[in-house]
>>> print(open('final15.txt').read())   # compact mmCIF, C-alpha atoms
# COMPACT_ATOMS: atom_id res chain seq x y z
CA MET A 250 0.00 0.00 0.00
CA ALA A 251 2.85 2.37 0.82
CA ALA A 252 4.48 1.74 -2.52
CA LYS A 253 1.18 2.43 -4.28
CA GLY A 254 0.70 5.69 -2.36
CA ASP A 255 4.26 6.74 -3.15
CA SER A 256 3.72 6.11 -6.85
CA THR A 257 0.50 8.10 -6.78
CA ARG A 258 2.19 11.04 -5.12
CA SER A 259 5.11 10.89 -7.56
CA ALA A 260 2.65 11.12 -10.46
CA ILE A 261 1.48 14.51 -9.18
CA PRO A 262 3.94 17.28 -10.14
CA ALA A 263 5.42 19.04 -7.13
CA ALA A 264 5.37 22.36 -9.01
CA LEU A 265 3.95 23.72 -12.21
CA ALA A 266 5.24 26.47 -14.50
CA ALA A 267 3.10 29.58 -14.13
CA GLU A 268 3.85 30.86 -17.64
CA ARG A 269 2.33 27.73 -19.15
CA TRP A 270 -1.09 28.86 -17.88
CA PHE A 271 -0.87 32.63 -17.62
CA PHE A 272 0.78 33.39 -20.97
CA PRO A 273 -1.94 31.81 -23.15
CA ALA A 274 -4.64 33.25 -20.87
CA ALA A 275 -3.15 36.74 -21.14
CA ALA A 276 -2.72 36.51 -24.92
CA LEU A 277 -6.27 35.26 -25.49
CA TYR A 278 -7.80 37.83 -23.18
CA GLY A 279 -5.78 40.67 -24.65
CA ALA A 280 -6.76 39.68 -28.19
CA VAL A 281 -10.47 39.74 -27.31
CA ALA A 282 -10.72 42.53 -24.72
CA VAL A 283 -9.08 45.34 -26.71
CA PRO A 284 -11.38 45.23 -29.77
CA ALA A 285 -14.35 44.60 -27.45
CA SER A 286 -13.46 47.73 -25.49
CA VAL A 287 -13.17 49.76 -28.70
CA TYR A 288 -16.65 48.58 -29.62
CA GLY A 289 -17.88 49.48 -26.14
CA MET A 290 -16.40 52.98 -26.26
CA LEU A 291 -17.71 53.74 -29.75
CA ASP A 292 -21.17 52.19 -29.41
CA GLY A 293 -23.43 54.09 -27.07
CA GLU A 294 -26.02 51.37 -26.47
CA GLN A 295 -24.69 47.82 -26.75
CA HIS A 296 -21.60 47.12 -24.74
CA ILE A 297 -20.07 45.12 -21.90
CA PRO A 298 -20.20 47.32 -18.75
CA GLY A 299 -16.55 46.69 -17.88
CA LEU A 300 -15.35 47.70 -21.36
CA ALA A 301 -17.54 50.73 -22.00
CA THR A 302 -15.23 53.59 -20.99
CA ARG A 303 -11.64 54.68 -21.52
CA ALA A 304 -10.88 54.02 -17.85
CA ALA A 305 -12.29 50.49 -18.18
CA HIS A 306 -10.23 49.95 -21.35
CA ALA A 307 -7.09 51.02 -19.49
CA HIS A 308 -8.02 48.89 -16.45
CA GLU A 309 -8.26 45.68 -18.45
CA LEU A 310 -5.12 46.41 -20.44
CA LEU A 311 -3.05 47.17 -17.34
CA PHE A 312 -4.62 45.07 -14.60
CA GLY A 313 -6.07 42.31 -16.77
CA TYR A 314 -3.54 41.68 -19.55
CA ALA A 315 -0.31 43.14 -18.19
CA LEU A 316 -0.58 41.76 -14.65
CA ALA A 317 -1.33 38.30 -16.05
CA VAL A 318 1.93 38.46 -18.00
CA VAL A 319 3.77 39.66 -14.89
CA ALA A 320 2.27 36.82 -12.83
CA GLY A 321 3.24 34.26 -15.45
CA TYR A 322 6.80 35.48 -15.78
CA LEU A 323 7.74 36.27 -12.18
CA THR A 324 5.91 33.46 -10.37
CA GLY A 325 8.05 30.82 -12.04
CA ARG A 326 7.24 27.38 -10.69
CA ALA A 327 4.62 27.06 -7.97
CA SER A 328 2.39 24.42 -6.45
CA ALA A 329 -0.76 23.44 -8.29
CA ALA A 330 -2.84 24.84 -5.43
CA ARG A 331 -1.06 28.21 -5.56
CA LEU A 332 -1.43 28.46 -9.33
CA ALA A 333 -5.08 27.45 -9.14
CA LEU A 334 -5.63 30.22 -6.58
CA LEU A 335 -3.86 32.85 -8.71
CA LEU A 336 -5.52 31.85 -11.97
CA GLY A 337 -8.91 31.50 -10.29
CA PHE A 338 -8.59 34.98 -8.78
CA TRP A 339 -7.60 36.41 -12.16
CA LEU A 340 -10.48 34.77 -14.03
CA ALA A 341 -13.04 35.73 -11.38
CA ALA A 342 -11.68 39.29 -11.35
CA ARG A 343 -12.08 39.55 -15.12
CA VAL A 344 -15.66 38.25 -15.12
CA SER A 345 -16.77 40.38 -12.15
CA TYR A 346 -15.26 43.56 -13.57
CA LEU A 347 -16.68 43.00 -17.06
CA MET A 348 -20.18 42.40 -15.70
CA ALA A 349 -20.30 44.92 -12.83
CA PRO A 350 -17.18 47.13 -12.68
CA TYR A 351 -18.59 49.37 -9.92
CA GLY A 352 -19.57 46.46 -7.69
CA VAL A 353 -17.90 45.36 -4.48
CA PRO A 354 -17.20 41.81 -5.82
CA ALA A 355 -15.13 43.29 -8.68
CA ALA A 356 -13.19 45.41 -6.20
CA LEU A 357 -12.53 42.50 -3.84
CA LEU A 358 -11.57 40.01 -6.58
CA ASN A 359 -9.28 42.37 -8.51
CA THR A 360 -7.60 43.51 -5.32
CA GLY A 361 -7.41 39.89 -4.20
CA PHE A 362 -5.65 38.80 -7.37
CA ALA A 363 -3.14 41.64 -7.17
CA ALA A 364 -2.48 40.92 -3.49
CA ALA A 365 -2.11 37.17 -4.07
CA MET A 366 0.34 37.81 -6.90
CA ALA A 367 2.35 40.24 -4.78
CA LEU A 368 2.45 37.82 -1.83
CA THR A 369 3.63 35.06 -4.14
CA VAL A 370 6.24 37.01 -6.07
CA ALA A 371 7.55 39.85 -3.88
CA PRO A 372 9.01 37.80 -0.95
CA LYS A 373 10.93 35.60 -3.38
CA LEU A 374 12.33 38.62 -5.22
CA ILE A 375 13.28 40.39 -1.98
CA ARG A 376 15.07 37.31 -0.61
CA ALA A 377 17.00 36.80 -3.85
CA ALA A 378 18.12 40.43 -4.17
CA LYS A 379 21.71 41.22 -3.26
CA LYS A 380 22.30 44.65 -4.84
CA TRP A 381 20.26 47.74 -4.03
CA ARG A 382 19.00 47.93 -7.63
CA ASN A 383 17.55 44.44 -7.40
CA LYS A 384 15.96 45.11 -4.02
CA MET A 385 13.52 47.53 -5.64
CA LEU A 386 11.75 44.89 -7.71
CA GLY A 387 9.78 43.32 -4.87
CA PRO A 388 8.44 46.63 -3.51
CA LEU A 389 7.56 47.63 -7.08
CA ILE A 390 5.27 44.60 -7.41
CA VAL A 391 3.67 45.52 -4.08
CA ALA A 392 3.18 49.10 -5.29
CA LEU A 393 1.41 47.83 -8.41
CA ALA A 394 -0.93 45.79 -6.22
CA ILE A 395 -1.64 48.89 -4.14
CA ALA A 396 -2.46 50.81 -7.34
CA VAL A 397 -5.10 48.20 -8.18
CA SER A 398 -6.70 48.61 -4.75
CA VAL A 399 -6.61 52.42 -5.01
CA PHE A 400 -8.35 52.29 -8.39
CA HIS A 401 -11.14 50.09 -7.10
CA LEU A 402 -11.56 52.08 -3.92
CA ALA A 403 -11.87 55.21 -6.07
CA LEU A 404 -14.36 53.39 -8.27
CA VAL A 405 -16.55 52.41 -5.31
CA VAL A 406 -16.52 55.93 -3.82
CA GLU A 407 -16.91 57.50 -7.28
CA SER A 408 -13.66 59.49 -7.39
CA PRO A 409 -12.58 59.87 -11.06
CA ARG A 410 -9.51 61.82 -9.99
CA PHE A 411 -8.03 58.93 -8.02
CA GLN A 412 -9.06 56.43 -10.68
CA LEU A 413 -7.00 58.39 -13.21
CA LEU A 414 -4.13 58.76 -10.75
CA ALA A 415 -4.01 54.99 -10.12
CA LEU A 416 -3.97 54.29 -13.87
CA ARG A 417 -1.26 56.87 -14.59
CA GLU A 418 0.90 55.61 -11.74
CA SER A 419 0.45 52.04 -12.99
CA VAL A 420 1.67 53.02 -16.47
CA VAL A 421 4.83 54.57 -15.03
CA MET A 422 5.43 51.64 -12.66
CA LEU A 423 4.92 49.09 -15.44
CA ALA A 424 7.39 51.08 -17.54
CA LEU A 425 9.87 50.86 -14.66
CA LEU A 426 9.25 47.12 -14.40
CA MET A 427 9.85 46.70 -18.14
CA LEU A 428 13.03 48.78 -17.95
CA PHE A 429 14.34 46.56 -15.17
CA MET A 430 13.26 43.16 -16.48
CA GLY A 431 14.06 44.03 -20.09
CA GLY A 432 17.65 44.62 -19.12
CA ARG A 433 17.79 41.37 -17.18
CA ILE A 434 16.50 39.45 -20.22
CA ILE A 435 18.10 41.22 -23.19
CA ALA A 436 21.66 41.87 -21.95
CA PRO A 437 22.69 38.27 -21.13
CA ALA A 438 20.92 36.89 -24.21
CA VAL A 439 22.67 39.34 -26.54
CA ALA A 440 26.01 38.84 -24.77
CA GLY A 441 25.71 35.08 -25.22
CA ALA A 442 24.86 35.42 -28.91
CA ILE A 443 27.76 37.79 -29.55
CA GLU A 444 30.21 35.58 -27.65
CA ARG A 445 29.12 32.50 -29.60
CA SER A 446 29.89 34.37 -32.82
CA GLY A 447 33.40 35.15 -31.55
CA GLY A 448 32.86 38.69 -30.27
CA THR A 449 32.49 40.32 -26.87
CA MET A 450 30.01 42.75 -25.34
CA GLU A 451 31.60 44.98 -22.72
CA ALA A 452 28.48 46.99 -21.77
CA ARG A 453 26.48 44.09 -20.39
CA VAL A 454 25.18 45.15 -16.98
CA GLN A 455 25.74 48.94 -17.22
CA PRO A 456 25.18 49.47 -13.46
CA ARG A 457 25.53 53.27 -13.60
CA ILE A 458 22.92 53.67 -16.32
CA GLU A 459 20.63 51.16 -14.63
CA GLY A 460 20.99 52.92 -11.29
CA ALA A 461 20.31 56.30 -12.88
CA LEU A 462 17.26 54.84 -14.66
CA LEU A 463 15.82 53.57 -11.42
CA LEU A 464 16.37 56.89 -9.66
CA VAL A 465 14.81 59.10 -12.36
CA MET A 466 11.89 56.69 -12.70
CA LEU A 467 11.28 56.87 -8.95
CA VAL A 468 11.19 60.66 -9.27
CA ALA A 469 8.72 60.22 -12.15
CA VAL A 470 6.51 57.98 -10.00
CA LEU A 471 6.48 60.59 -7.22
CA GLY A 472 5.99 63.43 -9.69
CA THR A 473 3.03 61.69 -11.29
CA ALA A 474 1.38 61.47 -7.86
CA CYS A 475 1.75 65.20 -7.21
CA PRO A 476 -0.78 67.45 -8.95
CA ARG A 477 1.67 70.35 -9.39
CA ALA A 478 4.78 68.40 -10.36
CA ASP A 479 4.16 67.97 -14.09
CA GLU A 480 7.50 69.53 -15.00
CA VAL A 481 9.40 67.28 -12.59
CA ALA A 482 7.62 64.19 -13.89
CA GLY A 483 8.06 65.26 -17.51
CA VAL A 484 11.80 65.93 -17.27
CA SER A 485 12.33 62.68 -15.33
CA LEU A 486 10.44 60.62 -17.92
CA ILE A 487 12.37 62.18 -20.80
CA ALA A 488 15.66 61.53 -18.98
CA ALA A 489 14.62 57.91 -18.44
CA GLY A 490 13.79 57.53 -22.13
CA VAL A 491 17.17 58.93 -23.17
CA LEU A 492 19.01 56.66 -20.71
CA ALA A 493 17.05 53.64 -21.95
CA ALA A 494 17.96 54.49 -25.55
CA VAL A 495 21.66 54.79 -24.64
CA ARG A 496 21.48 51.49 -22.78
CA LEU A 497 19.87 49.80 -25.79
CA LEU A 498 22.49 51.15 -28.21
CA ARG A 499 25.32 49.92 -25.99
CA TRP A 500 23.96 46.36 -26.24
CA ARG A 501 24.84 46.46 -29.97
CA LEU A 502 21.99 44.32 -31.20
CA TRP A 503 23.07 44.91 -34.81
CA HIS A 504 25.62 42.14 -34.19
CA CYS A 505 22.68 39.73 -33.76
CA ARG A 506 21.00 40.28 -37.13
CA SER A 507 20.26 36.56 -37.49
CA ARG A 508 18.55 36.38 -34.08
CA THR A 509 15.04 37.63 -34.74
CA ASP A 510 13.94 36.90 -31.18
CA LEU A 511 16.60 39.26 -29.80
CA LEU A 512 15.81 41.93 -32.36
CA CYS A 513 12.14 41.75 -31.32
CA LEU A 514 13.14 42.23 -27.69
CA GLY A 515 15.25 45.19 -28.75
CA ALA A 516 12.33 46.67 -30.66
CA GLY A 517 10.19 46.43 -27.53
CA TYR A 518 12.87 48.15 -25.47
CA GLY A 519 13.17 50.81 -28.16
CA TRP A 520 9.43 51.44 -27.91
CA LEU A 521 9.85 51.76 -24.16
CA ALA A 522 12.50 54.47 -24.60
CA ALA A 523 10.35 56.30 -27.17
CA GLY A 524 7.22 55.93 -25.04
CA LEU A 525 8.91 57.46 -22.01
CA ILE A 526 10.09 60.43 -24.06
CA LEU A 527 6.60 60.88 -25.52
CA LEU A 528 4.96 60.64 -22.09
CA GLY A 529 7.46 63.07 -20.59
CA SER A 530 6.84 65.51 -23.44
CA ALA A 531 3.11 65.20 -22.83
CA ARG A 532 3.55 66.03 -19.14
CA LEU A 533 5.33 69.19 -20.31
CA GLY A 534 2.37 70.08 -22.52
CA ALA A 535 3.80 69.16 -25.92
CA LEU A 536 1.04 66.65 -26.81
CA PRO A 537 -2.00 64.97 -25.24
CA ILE A 538 -1.18 62.56 -22.42
CA ALA A 539 -3.72 60.00 -23.67
CA THR A 540 -1.94 59.88 -27.05
CA ALA A 541 1.55 59.67 -25.60
CA THR A 542 0.59 56.96 -23.10
CA HIS A 543 -0.01 54.52 -25.96
CA GLY A 544 3.69 54.59 -26.78
CA ILE A 545 4.12 52.61 -23.56
CA THR A 546 0.81 50.73 -23.28
CA VAL A 547 0.68 49.60 -26.93
CA GLY A 548 4.20 50.04 -28.31
CA ALA A 549 6.33 48.91 -25.36
CA LEU A 550 3.85 46.72 -23.49
CA GLY A 551 2.63 45.02 -26.65
CA SER A 552 6.03 44.52 -28.28
CA LEU A 553 8.04 43.62 -25.19
CA THR A 554 5.52 41.29 -23.52
CA THR A 555 4.86 39.31 -26.70
CA ALA A 556 8.58 39.01 -27.42
CA VAL A 557 9.26 37.83 -23.86
CA MET A 558 6.33 35.39 -23.81
CA GLY A 559 7.30 33.94 -27.17
CA ARG A 560 10.96 33.54 -26.30
CA VAL A 561 10.29 32.04 -22.86
CA HIS A 562 7.83 29.56 -24.35
CA LEU A 563 10.26 28.46 -27.06
CA VAL A 564 13.08 28.02 -24.55
CA LYS A 565 10.83 25.96 -22.27
CA CYS A 566 9.92 23.79 -25.27
CA ARG A 567 13.64 23.36 -25.99
CA VAL A 568 13.20 24.95 -29.38
CA ARG A 569 15.74 27.36 -30.80
CA PRO A 570 14.05 30.78 -30.84
CA GLU A 571 15.33 31.34 -34.38
CA SER A 572 13.03 28.52 -35.52
CA ALA A 573 10.03 30.82 -35.06
CA GLY A 574 11.76 33.91 -36.40
CA ARG A 575 9.14 34.68 -39.04
CA THR A 576 6.26 34.47 -36.57
CA MET A 577 8.08 36.58 -33.99
CA SER A 578 8.82 39.18 -36.67
CA LEU A 579 5.17 39.35 -37.72
CA ILE A 580 4.11 39.78 -34.08
CA ALA A 581 6.60 42.61 -33.56
CA VAL A 582 5.51 44.34 -36.78
CA ALA A 583 1.83 44.05 -35.83
CA MET A 584 2.43 45.54 -32.37
CA SER A 585 4.60 48.37 -33.68
CA ALA A 586 2.05 49.15 -36.39
CA ALA A 587 -0.73 49.18 -33.79
CA ALA A 588 1.20 51.69 -31.70
CA LEU A 589 2.00 53.94 -34.68
CA VAL A 590 -1.62 53.93 -35.85
CA ARG A 591 -2.92 54.69 -32.36
CA ILE A 592 -0.43 57.51 -31.73
CA ALA A 593 -0.65 59.15 -35.15
CA GLY A 594 -4.33 58.49 -35.83
CA GLY A 595 -5.75 61.01 -33.40
CA GLY A 596 -8.27 58.62 -31.82
CA THR A 597 -10.72 58.50 -34.74
CA ALA A 598 -13.03 55.50 -35.00
CA GLY A 599 -11.19 54.11 -38.02
CA THR A 600 -7.75 54.31 -36.44
CA LEU A 601 -9.01 52.84 -33.16
CA TRP A 602 -10.40 49.83 -35.02
CA LEU A 603 -7.25 49.42 -37.11
CA ALA A 604 -4.97 49.64 -34.06
CA ALA A 605 -7.14 47.14 -32.18
CA ALA A 606 -7.11 44.75 -35.15
CA LEU A 607 -3.31 44.90 -35.41
CA TRP A 608 -2.96 44.39 -31.64
CA SER A 609 -5.25 41.36 -31.73
CA MET A 610 -3.47 39.94 -34.76
CA GLY A 611 -0.16 40.04 -32.90
CA LEU A 612 -1.61 38.19 -29.90
CA LEU A 613 -3.40 35.63 -32.07
CA LEU A 614 -0.11 34.94 -33.86
CA LEU A 615 1.45 34.41 -30.43
CA LEU A 616 -1.31 31.95 -29.52
CA GLY A 617 -0.59 30.14 -32.78
CA LEU A 618 3.06 29.90 -31.76
CA PHE A 619 2.04 28.45 -28.39
CA ARG A 620 -0.07 25.86 -30.18
CA ARG A 621 2.61 24.99 -32.72
CA PHE A 622 5.29 24.41 -30.09
CA ARG A 623 3.89 22.69 -27.02
CA GLN A 624 5.66 21.93 -23.75
>>> encode(input="final15.txt", output="structure tokens")
Amino acid sequence: MAAKGDSTRSAIPAALAAERWFFPAAALYGAVAVPASVYGMLDGEQHIPGLATRAAHAHELLFGYALAVVAGYLTGRASAARLALLLGFWLAARVSYLMAPYGVPAALLNTGFAAAMALTVAPKLIRAAKKWRNKMLGPLIVALAIAVSVFHLALVVESPRFQLLALRESVVMLALLMLFMGGRIIAPAVAGAIERSGGTMEARVQPRIEGALLLVMLVAVLGTACPRADEVAGVSLIAAGVLAAVRLLRWRLWHCRSRTDLLCLGAGYGWLAAGLILLGSARLGALPIATATHGITVGALGSLTTAVMGRVHLVKCRVRPESAGRTMSLIAVAMSAAALVRIAGGGTAGTLWLAAALWSMGLLLLLGLFRRFRQ
């Protein structure tokens, strides 16, 4: 009997990979929710309550799609019970918000998912951190969870000002997260590719630039929270964009022309640099903030998350990322085109639909890649 029990327990995996569940869920939801929200915003009568306004559109992009990607990437391997809890919270939060965004259940479930993710991810990141730059990642995840709770509290008490503040802070904090994690992913991958081709990459870690990036982005986070600090926030965001561009150039991705997966990651990081400069310029009054924000939320978030999800999935499947180079290229082109259309189109109905279609096409191509290469 003992031997039978032991064999039964051994058949149950001790831990499961979070990205295997969250990445497809995020891609599918993102592909459906964005065009559905465009329909909801443009149609005055028939719509899903949780996708009927610009704030709801932003909520599901940031707290629905983006946080699912973050949970999949940073959770790593976890017990089946823990993953079931996280994924169940996320699914319930999506349904409750779509059906009744102003209700208490939506507030509790969305806050619950964010809190559960932070409690799962942040302690592990804090324990693993050795340098001061790395120690900021755990608190950043906690701050994102707090932003979710602030948004829903503002929704319940009907405070549009704090709803907008929570969304704007989340955009800046997600940009900071992408700056940090993008460097951790791109630099070693590019260095390895260059070294295998017989070269060397001296500017791998770039601690001074990374430290400066973190500091100016923290100033931008604080400046975004202060109603009379637009100039401080704007200058800080522009400085961060310039530093990110310098960091990207020093990685010398042109030496990896045959590695489409790395070029796609670089394109996402390039969008992040451009998006920060655009957002900073908007805070200084040069262009509308809503337009500039899409450089980060569509250009950077779309390009970088799809490139990361695709590359991680291929590596987990033990497939050379170059094998899916054409698909990864098409995804990157679709996301970049979506961002360009959204930024340059002025928010007309036609450009909103075209940008949403390109966004969805990129995510559907990613789902096709997941299906083609299975773990």
>>> closest_residue(input="final15.txt", among="A:Ile526, A:Ala371, A:Ala605, A:His504", to="His306 (chain A)", atoms="only C-alpha atoms")
A:Ala605
>>> residues_around(input="final15.txt", residues="Leu336 (chain A)", least_positions_apart="6", cutoff="9 Å", atoms="all atoms listed in the file", output="mmCIF file with C-alpha atoms, keeping the file's coordinate frame")
data_model
loop_
_atom_site.group_PDB
_atom_site.id
_atom_site.type_symbol
_atom_site.label_atom_id
_atom_site.label_comp_id
_atom_site.auth_asym_id
_atom_site.auth_seq_id
_atom_site.Cartn_x
_atom_site.Cartn_y
_atom_site.Cartn_z
ATOM 1 C CA TRP A 270 -1.090 28.860 -17.880
ATOM 2 C CA PHE A 271 -0.870 32.630 -17.620
ATOM 3 C CA ALA A 317 -1.330 38.300 -16.050
ATOM 4 C CA PHE A 362 -5.650 38.800 -7.370
#
>>> closest_residue(input="final15.txt", among="A:Leu335, A:Ile538, A:Leu618, A:Ile592", to="Val568 (chain A)", atoms="all atoms listed in the file")
A:Leu618
>>> residues_around(input="final15.txt", residues="Gly529 (chain A)", least_positions_apart="6", cutoff="8 Å", atoms="only C-alpha atoms", output="list of chain:residue names")
A:Ala482, A:Gly483, A:Val484, A:Ser485, A:Leu486, A:Ile487
>>> residues_around(input="final15.txt", residues="Val399 (chain A)", least_positions_apart="2", cutoff="12 Å", atoms="only C-alpha atoms", output="number ranges by chain")
A: 356-357, 359-360, 363, 392-397, 401-419
>>> atom_distance(input="final15.txt", atom1="CA of Phe429 (chain A)", atom2="CA of Ile458 (chain A)")
11.2 Å
>>> closest_residue(input="final15.txt", among="A:Val319, A:Tyr346, A:Ala436, A:Arg326", to="Leu389 (chain A)", atoms="only C-alpha atoms")
A:Val319
>>> residues_around(input="final15.txt", residues="Glu451 (chain A)", least_positions_apart="4", cutoff="9 Å", atoms="only C-alpha atoms", output="PDB file with C-alpha atoms, in the coordinates of the input")
ATOM      1  CA  ALA A 440      26.010  38.840 -24.770  1.00  0.00           C
ATOM      2  CA  GLN A 455      25.740  48.940 -17.220  1.00  0.00           C
ATOM      3  CA  ARG A 499      25.320  49.920 -25.990  1.00  0.00           C
ATOM      4  CA  TRP A 500      23.960  46.360 -26.240  1.00  0.00           C
TER       5      TRP A 500
END
>>> residues_around(input="final15.txt", residues="Leu603 (chain A)", least_positions_apart="2", cutoff="12 Å", atoms="only C-alpha atoms", output="list in words")
Val283, Pro284, Val287, Ala583, Met584, Ala586, Ala587, Ala588, Leu589, Val590, Arg591, Ile592, Ala593, Gly594, Gly596, Thr597, Ala598, Gly599, Thr600, Leu601, Ala605, Ala606, Leu607, Trp608, Ser609 and Met610 of chain A
>>> residues_near_point(input="final15.txt", point="(7.8, 42.1, -26.4)", cutoff="9 Å", atoms="only C-alpha atoms", output="list in words")
Cys513, Leu514, Gly515, Ala516, Gly517, Tyr518, Gly548, Ala549, Leu550, Gly551, Ser552, Leu553, Thr554, Thr555, Ala556, Val557, Met558, Gly559, Ile580, Ala581 and Met584 of chain A
>>> closest_residue(input="final15.txt", among="A:Val353, A:Cys505, A:Val465, A:Val454", to="Ile434 (chain A)", atoms="only C-alpha atoms")
A:Val454
>>> decode(input="final15.txt", residues="region 535-560 of chain A", atoms="C-alpha atoms", output="compact mmCIF listing (two decimals), in the first residue's frame")
# COMPACT_ATOMS: atom_id res chain seq x y z
CA ALA A 535 3.80 69.16 -25.92
CA LEU A 536 1.04 66.65 -26.81
CA PRO A 537 -2.00 64.97 -25.24
CA ILE A 538 -1.18 62.56 -22.42
CA ALA A 539 -3.72 60.00 -23.67
CA THR A 540 -1.94 59.88 -27.05
CA ALA A 541 1.55 59.67 -25.60
CA THR A 542 0.59 56.96 -23.10
CA HIS A 543 -0.01 54.52 -25.96
CA GLY A 544 3.69 54.59 -26.78
CA ILE A 545 4.12 52.61 -23.56
CA THR A 546 0.81 50.73 -23.28
CA VAL A 547 0.68 49.60 -26.93
CA GLY A 548 4.20 50.04 -28.31
CA ALA A 549 6.33 48.91 -25.36
CA LEU A 550 3.85 46.72 -23.49
CA GLY A 551 2.63 45.02 -26.65
CA SER A 552 6.03 44.52 -28.28
CA LEU A 553 8.04 43.62 -25.19
CA THR A 554 5.52 41.29 -23.52
CA THR A 555 4.86 39.31 -26.70
CA ALA A 556 8.58 39.01 -27.42
CA VAL A 557 9.26 37.83 -23.86
CA MET A 558 6.33 35.39 -23.81
CA GLY A 559 7.30 33.94 -27.17
CA ARG A 560 10.96 33.54 -26.30
